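Listing of upload-v1.cif; format and content: mmCIF, C-alpha atoms.
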```
data_my_file
loop_
_atom_site.group_PDB
_atom_site.id
_atom_site.type_symbol
_atom_site.label_atom_id
_atom_site.label_comp_id
_atom_site.auth_asym_id
_atom_site.auth_seq_id
_atom_site.Cartn_x
_atom_site.Cartn_y
_atom_site.Cartn_z
ATOM 1 C CA MET A 1 124.405 187.244 110.862
ATOM 2 C CA ASN A 2 124.043 186.923 107.118
ATOM 3 C CA LYS A 3 120.552 186.342 105.723
ATOM 4 C CA VAL A 4 121.286 182.808 104.465
ATOM 5 C CA ILE A 5 122.604 181.659 107.850
ATOM 6 C CA PHE A 6 119.761 183.421 109.668
ATOM 7 C CA SER A 7 117.148 181.755 107.441
ATOM 8 C CA ALA A 8 118.737 178.351 107.956
ATOM 9 C CA ALA A 9 118.738 178.882 111.716
ATOM 10 C CA ILE A 10 115.043 179.802 111.695
ATOM 11 C CA ALA A 11 114.250 176.744 109.574
ATOM 12 C CA CYS A 12 116.096 174.457 111.995
ATOM 13 C CA LEU A 13 114.346 176.046 114.959
ATOM 14 C CA ALA A 14 110.944 175.539 113.331
ATOM 15 C CA LEU A 15 111.811 171.931 112.542
ATOM 16 C CA SER A 16 112.718 171.295 116.153
ATOM 17 C CA PHE A 17 109.189 172.264 117.184
ATOM 18 C CA THR A 18 107.401 170.171 114.570
ATOM 19 C CA ILE A 19 109.200 166.824 114.752
ATOM 20 C CA ASP A 20 108.415 164.432 117.604
ATOM 21 C CA PHE A 21 111.512 162.737 118.927
ATOM 22 C CA LYS A 22 111.088 159.473 120.789
ATOM 23 C CA PRO A 23 112.355 159.910 124.349
ATOM 24 C CA LYS A 24 115.445 157.801 124.940
ATOM 25 C CA ASN A 25 113.922 156.447 128.119
ATOM 26 C CA SER A 26 110.316 155.936 126.998
ATOM 27 C CA ALA A 27 110.124 152.453 128.575
ATOM 28 C CA GLU A 28 111.530 153.793 131.844
ATOM 29 C CA LYS A 29 108.921 156.546 131.844
ATOM 30 C CA MET A 30 106.207 153.892 131.623
ATOM 31 C CA GLN A 31 107.870 151.862 134.370
ATOM 32 C CA ASP A 32 107.919 154.955 136.591
ATOM 33 C CA PHE A 33 104.283 155.736 135.732
ATOM 34 C CA ILE A 34 103.135 152.273 136.803
ATOM 35 C CA ILE A 35 105.308 152.315 139.935
ATOM 36 C CA ASN A 36 103.831 155.668 140.949
ATOM 37 C CA ILE A 37 100.269 154.413 140.363
ATOM 38 C CA SER A 38 101.112 151.429 142.565
ATOM 39 C CA HIS A 39 102.632 153.516 145.369
ATOM 40 C CA TYR A 40 99.695 155.939 145.344
ATOM 41 C CA SER A 41 97.138 153.105 145.408
ATOM 42 C CA ARG A 42 98.830 151.062 148.107
ATOM 43 C CA ASN A 43 99.232 154.071 150.373
ATOM 44 C CA ILE A 44 95.433 154.181 150.389
ATOM 45 C CA LYS A 45 94.723 150.443 150.189
ATOM 46 C CA PRO A 46 97.846 148.371 151.059
ATOM 47 C CA ASN A 47 96.837 145.126 149.310
ATOM 48 C CA PHE A 48 95.616 146.827 146.135
ATOM 49 C CA ILE A 49 96.458 144.659 143.123
ATOM 50 C CA ILE A 50 98.316 146.141 140.139
ATOM 51 C CA ILE A 51 98.322 144.281 136.800
ATOM 52 C CA PRO A 52 99.707 145.849 133.606
ATOM 53 C CA GLN A 53 98.514 144.369 130.312
ATOM 54 C CA ASN A 54 101.192 143.551 127.695
ATOM 55 C CA GLY A 55 104.596 145.264 127.587
ATOM 56 C CA ALA A 56 106.439 142.321 129.182
ATOM 57 C CA GLU A 57 109.731 144.100 128.379
ATOM 58 C CA LEU A 58 108.943 146.448 131.256
ATOM 59 C CA ALA A 59 109.913 143.667 133.665
ATOM 60 C CA PHE A 60 113.532 144.327 132.717
ATOM 61 C CA THR A 61 115.861 147.218 133.539
ATOM 62 C CA LYS A 62 115.222 150.133 131.168
ATOM 63 C CA GLY A 63 112.841 147.853 129.268
ATOM 64 C CA LYS A 64 115.851 146.073 127.735
ATOM 65 C CA THR A 65 115.394 142.307 127.700
ATOM 66 C CA ASP A 66 119.149 141.656 127.673
ATOM 67 C CA LYS A 67 119.450 143.312 131.077
ATOM 68 C CA GLU A 68 118.564 142.078 134.547
ATOM 69 C CA LEU A 69 115.037 142.046 135.917
ATOM 70 C CA ASN A 70 113.807 145.370 137.305
ATOM 71 C CA GLN A 71 112.947 144.406 140.873
ATOM 72 C CA LYS A 72 111.564 147.827 141.770
ATOM 73 C CA PHE A 73 109.045 147.506 138.965
ATOM 74 C CA LEU A 74 108.213 143.870 139.750
ATOM 75 C CA ASN A 75 107.665 144.748 143.417
ATOM 76 C CA ALA A 76 105.125 147.359 142.323
ATOM 77 C CA ILE A 77 102.938 144.870 140.436
ATOM 78 C CA ASP A 78 101.243 141.558 141.214
ATOM 79 C CA GLY A 79 101.044 140.016 137.772
ATOM 80 C CA PHE A 80 101.095 140.535 134.035
ATOM 81 C CA GLY A 81 98.166 140.397 131.649
ATOM 82 C CA ILE A 82 99.055 139.273 128.123
ATOM 83 C CA GLU A 83 96.922 139.140 124.983
ATOM 84 C CA GLU A 84 97.073 136.476 122.269
ATOM 85 C CA LEU A 85 100.153 134.555 123.351
ATOM 86 C CA PHE A 86 99.745 131.037 121.955
ATOM 87 C CA TYR A 87 97.120 132.028 119.403
ATOM 88 C CA ASN A 88 97.606 135.221 117.406
ATOM 89 C CA GLU A 89 97.715 136.499 113.821
ATOM 90 C CA THR A 90 100.560 134.119 112.945
ATOM 91 C CA LEU A 91 98.699 131.148 114.506
ATOM 92 C CA LYS A 92 101.994 130.268 116.162
ATOM 93 C CA PRO A 93 103.028 130.601 119.817
ATOM 94 C CA ASP A 94 104.854 133.876 120.488
ATOM 95 C CA GLN A 95 108.090 132.333 121.696
ATOM 96 C CA TYR A 96 109.691 135.722 122.321
ATOM 97 C CA ARG A 97 107.067 136.787 124.859
ATOM 98 C CA ILE A 98 106.760 133.287 126.299
ATOM 99 C CA GLY A 99 110.496 133.424 127.007
ATOM 100 C CA LEU A 100 110.154 136.759 128.813
ATOM 101 C CA LEU A 101 107.229 135.551 130.888
ATOM 102 C CA ASP A 102 109.071 132.379 131.871
ATOM 103 C CA LYS A 103 111.635 134.607 133.591
ATOM 104 C CA ILE A 104 109.081 136.302 135.820
ATOM 105 C CA LYS A 105 106.355 133.702 136.399
ATOM 106 C CA ALA A 106 107.978 132.525 139.633
ATOM 107 C CA THR A 107 107.045 135.828 141.285
ATOM 108 C CA GLU A 108 104.285 137.253 139.075
ATOM 109 C CA THR A 109 100.920 135.725 138.168
ATOM 110 C CA ILE A 110 100.643 135.530 134.375
ATOM 111 C CA ILE A 111 97.120 136.060 133.012
ATOM 112 C CA VAL A 112 96.577 135.436 129.293
ATOM 113 C CA SER A 113 93.678 136.461 127.100
ATOM 114 C CA GLU A 114 93.622 134.306 123.977
ATOM 115 C CA PHE A 115 91.538 134.786 120.842
ATOM 116 C CA VAL A 116 90.639 131.928 118.487
ATOM 117 C CA LYS A 117 88.455 132.036 115.386
ATOM 118 C CA ASP A 118 87.808 128.313 115.508
ATOM 119 C CA SER A 119 85.965 127.288 118.681
ATOM 120 C CA ALA A 120 87.510 123.831 118.353
ATOM 121 C CA LEU A 121 90.797 125.422 119.467
ATOM 122 C CA VAL A 122 89.470 126.762 122.756
ATOM 123 C CA LYS A 123 90.342 123.659 124.763
ATOM 124 C CA ASP A 124 93.864 123.584 123.322
ATOM 125 C CA SER A 125 94.443 127.247 124.193
ATOM 126 C CA TYR A 126 93.666 126.516 127.836
ATOM 127 C CA ALA A 127 95.861 123.412 127.817
ATOM 128 C CA ARG A 128 98.862 125.257 126.368
ATOM 129 C CA ASN A 129 98.650 128.031 128.920
ATOM 130 C CA GLU A 130 98.179 125.610 131.798
ATOM 131 C CA LYS A 131 101.281 123.690 130.717
ATOM 132 C CA ALA A 132 103.246 126.948 130.652
ATOM 133 C CA GLY A 133 102.053 127.894 134.138
ATOM 134 C CA PHE A 134 99.772 130.711 132.950
ATOM 135 C CA TYR A 135 96.074 131.353 133.617
ATOM 136 C CA CYS A 136 93.926 131.711 130.531
ATOM 137 C CA PHE A 137 90.679 133.235 129.314
ATOM 138 C CA THR A 138 89.864 132.413 125.679
ATOM 139 C CA ARG A 139 87.357 134.326 123.611
ATOM 140 C CA THR A 140 85.963 133.469 120.197
ATOM 141 C CA GLU A 141 84.763 135.762 117.396
ATOM 142 C CA ASP A 142 81.388 136.403 119.020
ATOM 143 C CA ASN A 143 83.253 137.700 122.079
ATOM 144 C CA TYR A 144 86.039 139.650 120.396
ATOM 145 C CA HIS A 145 85.258 142.843 122.362
ATOM 146 C CA TYR A 146 84.957 141.132 125.762
ATOM 147 C CA THR A 147 81.161 141.366 126.004
ATOM 148 C CA LEU A 148 80.120 137.790 126.876
ATOM 149 C CA ILE A 149 80.263 135.428 129.832
ATOM 150 C CA PRO A 150 81.206 131.964 128.519
ATOM 151 C CA ASN A 151 79.010 129.093 129.654
ATOM 152 C CA LYS A 152 81.958 126.919 130.652
ATOM 153 C CA ILE A 153 84.669 127.751 133.187
ATOM 154 C CA TYR A 154 87.926 125.914 132.606
ATOM 155 C CA SER A 155 89.728 124.919 135.827
ATOM 156 C CA GLU A 156 86.700 125.827 137.936
ATOM 157 C CA ASN A 157 87.716 126.306 141.538
ATOM 158 C CA LYS A 158 85.464 126.097 144.603
ATOM 159 C CA ASN A 159 87.962 127.728 146.985
ATOM 160 C CA PRO A 160 87.857 131.344 148.233
ATOM 161 C CA ILE A 161 90.327 133.769 146.627
ATOM 162 C CA GLU A 162 92.297 136.039 148.949
ATOM 163 C CA LYS A 163 95.125 137.076 146.640
ATOM 164 C CA LEU A 164 95.945 137.008 142.947
ATOM 165 C CA SER A 165 98.163 133.927 143.208
ATOM 166 C CA ASP A 166 95.132 131.919 144.481
ATOM 167 C CA ILE A 167 93.262 132.086 141.163
ATOM 168 C CA LYS A 168 92.730 129.167 138.789
ATOM 169 C CA ASN A 169 90.585 131.017 136.230
ATOM 170 C CA PHE A 170 89.286 134.486 135.350
ATOM 171 C CA LEU A 171 86.625 136.361 133.395
ATOM 172 C CA TYR A 172 87.516 139.332 131.183
ATOM 173 C CA ILE A 173 84.347 141.351 130.517
ATOM 174 C CA ILE A 174 85.253 145.030 130.222
ATOM 175 C CA ASN A 175 82.385 145.778 127.821
ATOM 176 C CA ASN A 176 79.011 145.468 129.580
ATOM 177 C CA SER A 177 76.901 146.974 126.776
ATOM 178 C CA ASN A 178 74.990 143.694 126.338
ATOM 179 C CA TYR A 179 73.313 144.303 129.702
ATOM 180 C CA TYR A 180 70.474 146.829 129.751
ATOM 181 C CA SER A 181 71.022 147.731 133.409
ATOM 182 C CA LYS A 182 73.620 147.555 136.148
ATOM 183 C CA SER A 183 71.430 145.162 138.113
ATOM 184 C CA ALA A 184 71.186 142.766 135.154
ATOM 185 C CA PHE A 185 74.962 142.808 134.770
ATOM 186 C CA ILE A 186 75.520 142.276 138.502
ATOM 187 C CA THR A 187 73.089 139.348 138.532
ATOM 188 C CA ALA A 188 74.858 137.745 135.573
ATOM 189 C CA LEU A 189 78.224 138.005 137.319
ATOM 190 C CA LYS A 190 76.850 136.739 140.645
ATOM 191 C CA ASN A 191 75.695 133.598 138.874
ATOM 192 C CA THR A 192 79.237 132.543 137.984
ATOM 193 C CA ASN A 193 82.065 130.841 139.849
ATOM 194 C CA TYR A 194 84.969 132.730 138.275
ATOM 195 C CA ASP A 195 87.859 133.355 140.692
ATOM 196 C CA LEU A 196 88.687 136.764 139.232
ATOM 197 C CA ILE A 197 86.673 139.267 137.196
ATOM 198 C CA PHE A 198 88.067 142.138 135.138
ATOM 199 C CA MET A 199 85.356 144.743 134.549
ATOM 200 C CA ASP A 200 84.854 148.427 133.869
ATOM 201 C CA LEU A 201 84.221 151.058 136.528
ATOM 202 C CA TYR A 202 81.110 152.238 134.673
ATOM 203 C CA HIS A 203 77.878 150.938 133.238
ATOM 204 C CA ASN A 204 76.332 153.341 130.740
ATOM 205 C CA GLY A 205 78.247 156.236 132.288
ATOM 206 C CA VAL A 206 77.289 155.416 135.897
ATOM 207 C CA LYS A 207 79.951 154.190 138.327
ATOM 208 C CA PHE A 208 79.595 150.950 140.255
ATOM 209 C CA ASN A 209 79.668 151.467 144.023
ATOM 210 C CA LYS A 210 80.911 149.494 147.017
ATOM 211 C CA GLU A 211 77.571 147.860 147.741
ATOM 212 C CA GLU A 212 77.328 146.612 144.166
ATOM 213 C CA LEU A 213 80.944 145.441 144.132
ATOM 214 C CA GLU A 214 80.422 143.485 147.356
ATOM 215 C CA LYS A 215 77.686 141.491 145.619
ATOM 216 C CA ILE A 216 79.978 140.719 142.683
ATOM 217 C CA LYS A 217 82.842 139.682 144.971
ATOM 218 C CA VAL A 218 80.971 136.532 145.991
ATOM 219 C CA LYS A 219 80.905 133.517 143.679
ATOM 220 C CA LYS A 220 77.713 131.618 143.026
ATOM 221 C CA ASN A 221 79.053 128.913 145.363
ATOM 222 C CA GLY A 222 79.410 131.479 148.177
ATOM 223 C CA ALA A 223 83.202 131.710 148.143
ATOM 224 C CA LYS A 224 85.072 135.002 147.887
ATOM 225 C CA ARG A 225 86.616 136.189 144.612
ATOM 226 C CA LEU A 226 88.582 139.205 143.356
ATOM 227 C CA VAL A 227 87.163 141.989 141.185
ATOM 228 C CA ILE A 228 89.638 144.200 139.292
ATOM 229 C CA GLY A 229 88.823 147.508 137.598
ATOM 230 C CA TYR A 230 89.927 148.276 134.041
ATOM 231 C CA MET A 231 91.878 151.499 133.369
ATOM 232 C CA ASN A 232 93.514 152.661 130.145
ATOM 233 C CA ILE A 233 96.747 154.510 130.955
ATOM 234 C CA GLY A 234 98.344 154.669 127.494
ATOM 235 C CA ALA A 235 95.465 156.123 125.485
ATOM 236 C CA ALA A 236 92.759 158.659 126.247
ATOM 237 C CA GLU A 237 89.182 157.498 125.654
ATOM 238 C CA LYS A 238 86.711 160.036 124.296
ATOM 239 C CA TYR A 239 83.740 158.494 126.112
ATOM 240 C CA ARG A 240 85.232 158.887 129.607
ATOM 241 C CA ASP A 241 84.098 161.585 132.006
ATOM 242 C CA TYR A 242 87.532 163.240 132.000
ATOM 243 C CA TRP A 243 87.257 163.978 128.257
ATOM 244 C CA LYS A 244 86.543 167.611 127.368
ATOM 245 C CA ARG A 245 84.625 168.541 124.216
ATOM 246 C CA PRO A 246 87.252 170.882 122.691
ATOM 247 C CA TRP A 247 89.928 168.192 122.894
ATOM 248 C CA GLN A 248 91.271 166.689 119.686
ATOM 249 C CA LEU A 249 94.516 165.265 118.348
ATOM 250 C CA ASN A 250 97.421 167.453 119.577
ATOM 251 C CA ASN A 251 95.056 169.601 121.649
ATOM 252 C CA PRO A 252 96.020 169.229 124.458
ATOM 253 C CA LYS A 253 99.548 168.669 123.188
ATOM 254 C CA TRP A 254 99.856 165.344 124.987
ATOM 255 C CA LEU A 255 97.141 163.783 122.777
ATOM 256 C CA LYS A 256 99.747 162.532 120.341
ATOM 257 C CA LYS A 257 98.642 159.905 117.841
ATOM 258 C CA LYS A 258 95.528 158.245 116.421
ATOM 259 C CA TYR A 259 94.940 154.744 117.716
ATOM 260 C CA ASP A 260 94.415 152.660 114.578
ATOM 261 C CA GLY A 261 91.292 150.549 114.825
ATOM 262 C CA TYR A 262 89.905 152.458 117.807
ATOM 263 C CA ASP A 263 88.317 155.732 116.721
ATOM 264 C CA GLN A 264 87.415 156.685 120.284
ATOM 265 C CA GLU A 265 90.990 156.499 121.574
ATOM 266 C CA ILE A 266 94.165 158.590 121.146
ATOM 267 C CA TRP A 267 97.657 157.577 122.258
ATOM 268 C CA VAL A 268 98.988 159.964 124.907
ATOM 269 C CA GLU A 269 102.320 161.248 126.171
ATOM 270 C CA TYR A 270 101.864 159.222 129.328
ATOM 271 C CA TRP A 271 104.681 161.026 131.139
ATOM 272 C CA ASN A 272 102.875 164.363 130.824
ATOM 273 C CA LYS A 273 101.823 165.659 134.244
ATOM 274 C CA ASP A 274 98.350 166.703 133.068
ATOM 275 C CA TRP A 275 97.620 163.160 131.868
ATOM 276 C CA GLN A 276 99.091 161.607 134.998
ATOM 277 C CA ASN A 277 96.877 163.834 137.158
ATOM 278 C CA ILE A 278 93.881 162.360 135.343
ATOM 279 C CA ILE A 279 95.090 158.856 136.164
ATOM 280 C CA TYR A 280 96.331 159.062 139.782
ATOM 281 C CA GLY A 281 97.397 161.255 142.694
ATOM 282 C CA ASN A 282 94.225 163.117 143.642
ATOM 283 C CA ASN A 283 90.636 162.518 144.725
ATOM 284 C CA ASP A 284 89.260 163.092 141.235
ATOM 285 C CA SER A 285 91.718 160.745 139.544
ATOM 286 C CA TYR A 286 90.621 157.567 137.779
ATOM 287 C CA THR A 287 92.609 155.366 140.155
ATOM 288 C CA LYS A 288 90.999 156.957 143.219
ATOM 289 C CA LYS A 289 87.532 156.401 141.721
ATOM 290 C CA ILE A 290 88.354 152.702 141.238
ATOM 291 C CA ILE A 291 89.587 152.457 144.831
ATOM 292 C CA ASP A 292 86.546 154.308 146.196
ATOM 293 C CA ALA A 293 84.202 151.984 144.282
ATOM 294 C CA GLY A 294 85.657 149.031 146.203
ATOM 295 C CA PHE A 295 87.654 147.211 143.530
ATOM 296 C CA ASP A 296 90.441 144.893 144.701
ATOM 297 C CA GLY A 297 92.879 146.260 142.154
ATOM 298 C CA VAL A 298 93.384 147.798 138.740
ATOM 299 C CA TYR A 299 94.134 146.376 135.300
ATOM 300 C CA LEU A 300 96.336 148.783 133.336
ATOM 301 C CA ASP A 301 95.730 148.713 129.589
ATOM 302 C CA ASN A 302 97.920 150.054 126.771
ATOM 303 C CA VAL A 303 101.097 150.183 128.828
ATOM 304 C CA GLU A 304 102.901 149.369 125.568
ATOM 305 C CA ALA A 305 102.274 152.971 124.524
ATOM 306 C CA TYR A 306 106.039 153.373 124.967
ATOM 307 C CA TYR A 307 106.346 151.391 121.721
ATOM 308 C CA PHE A 308 103.202 152.174 119.722
ATOM 309 C CA LEU A 309 103.379 155.925 120.237
ATOM 310 C CA TYR A 310 106.514 156.141 118.113
ATOM 311 C CA ASN A 311 106.316 153.061 115.885
ATOM 312 C CA ASN A 312 103.998 151.570 113.247
#
```
Please lay out the structure from this file as structure tokens.
Amino acid sequence: MNKVIFSAAIACLALSFTIDFKPKNSAEKMQDFIINISHYSRNIKPNFIIIPQNGAELAFTKGKTDKELNQKFLNAIDGFGIEELFYNETLKPDQYRIGLLDKIKATETIIVSEFVKDSALVKDSYARNEKAGFYCFTRTEDNYHYTLIPNKIYSENKNPIEKLSDIKNFLYIINNSNYYSKSAFITALKNTNYDLIFMDLYHNGVKFNKEELEKIKVKKNGAKRLVIGYMNIGAAEKYRDYWKRPWQLNNPKWLKKKYDGYDQEIWVEYWNKDWQNIIYGNNDSYTKKIIDAGFDGVYLDNVEAYYFLYNN
């Protein structure tokens, strides 16, 4: 081989190892990931609730919204969580996502977390979601990071909650740093009548246990409610117990991209087996810890990694 051709070949080979190519089926890989989490969970706890947050395109075959609904995926989940649907940066309803959700709301419970800067818009945000057939939790600027329990519950419901489709309202409080102890946090939650609570598995690095969860699963009025554990499956979080000190961007190789705005998180190659082993499939996995703690289900954050990992 002549030297020019050989050099060009080496250059091309080197390039192939340094450029990240977006997998053609990145949405399908996320669909499969969520389906596998669901199958693993429900083999242990048959009625375990699975709710992905955002990524409504995943409801469709290959993540393509011009194709038919993906029934295998929809059978693996119980609802969709969506952020900032009627109120967002544009201050206009997101008609694209509303249209997608309209196609699945007959079989999936749609849970929307809105954010408004003007507290005068809170009531309207609930009204818009109710009209659309969605269940809403609206936070204002003082609650941007999901740290507060609002004083008022919209659509308060006295009935017991057996399944996700029974809910009329929910509380999203995945950051419990405002509470100096687990017991203080538990007491605060017990003194509410929310039908559904999304919360973290940990308080200050210590896991909640079944006894504690059983206390939270009862509303102030004595009726049963659901408690769902938060889990990030699209980005690794540096403050979690699975994180190892030597880890950094691209080490391990599946830590792929900085998460803008969140210094403690890194987008991951979610199809990588090492990452998936952290999330589900074994007794030390995050999903198993959530099940063992007594949660009724899991709320899957950053499922839209299939888009953000290779765009923006």
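Atom CA of A:Asp241 sits 15.9 Å away from atom CA of A:Gly229.
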Would you kindly return, as a list in words, each protein, DNA or RNA residue with an atom no farther than 10 Å from any atom of A:Ala223, considering all atoms listed in the file and excluding same-chain residues fewer than 3 positions away?
Asn157, Lys158, Asn159, Pro160, Ile161, Asn193, Asp195, Lys217, Val218, Lys219 and Lys220 of chain A
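Going from atom CA of A:Ser26 to atom CA of A:Asp274 covers 17.2 Å.
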Report as a ChimeraX atom specification all protein, DNA and RNA residues lying within 12 Å of A:Phe86, evaluated on only C-alpha atoms, omitting residues in the same chain fewer than 4 positions from it.
/A:82,90-98,112-116,121-122,124-132,134,136-138
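Here the PyMOL selection byres ((chain A and resi 271) around 8) captures the residues Lys29, Met30, Phe33, Glu269, Tyr270, Asn272, Lys273, Trp275 and Gln276 of chain A.
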Any chance you can output those residues with C-alpha atoms as a PDB file, in the coordinates of the input?
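The resulting selection.pdb:
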```
ATOM      1  CA  LYS A  29     108.921 156.546 131.844  1.00  0.00           C
ATOM      2  CA  MET A  30     106.207 153.892 131.623  1.00  0.00           C
ATOM      3  CA  PHE A  33     104.283 155.736 135.732  1.00  0.00           C
ATOM      4  CA  GLU A 269     102.320 161.248 126.171  1.00  0.00           C
ATOM      5  CA  TYR A 270     101.864 159.222 129.328  1.00  0.00           C
ATOM      6  CA  ASN A 272     102.875 164.363 130.824  1.00  0.00           C
ATOM      7  CA  LYS A 273     101.823 165.659 134.244  1.00  0.00           C
ATOM      8  CA  TRP A 275      97.620 163.160 131.868  1.00  0.00           C
ATOM      9  CA  GLN A 276      99.091 161.607 134.998  1.00  0.00           C
TER      10      GLN A 276
END
```
Using 4 Å of padding on each side, determine the axis-aligned box around all atoms of stretch 114-117 of chain A present in the file and give its centre and edge lengths in Å to one decimal, as JSON.
```
{"center_x": 91.0, "center_y": 133.4, "center_z": 119.7, "size_x": 13.2, "size_y": 10.9, "size_z": 16.6}
```
For atom CA of A:Asp296 and atom CA of A:Phe73, determine how far apart the two atoms are, in Å to one decimal place.
19.6 Å
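Comparing A:Asp263, A:Glu141, A:Asp166, A:Asp301 by their smallest distance to A:Asp200, the closest is A:Asp301 (using all atoms listed in the file).
When the distance limit is 9 Å and all atoms listed in the file are what count, the residues near A:Asn209, minus those fewer than 4 positions from it on the same chain, are Leu201, Leu213, Glu214, Asp292, Ala293 and Gly294 of chain A.
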Pick out the residues sitting within 12 Å of A:Lys45, and hand them over as an NGL selection string; count all atoms listed in the file, and ignore anything fewer than 6 positions along from it in its own chain.
:A and (37-39 or 287-288 or 290-292 or 294-298)
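Applied to this file, the PyMOL selection byres ((chain A and resi 152) around 12) selects Val122, Lys123, Phe137, Thr138, Arg139, Leu148, Ile149, Pro150, Asn151, Ile153, Tyr154, Ser155, Glu156, Asn169, Phe170, Leu171, Thr192, Asn193 and Tyr194 of chain A.
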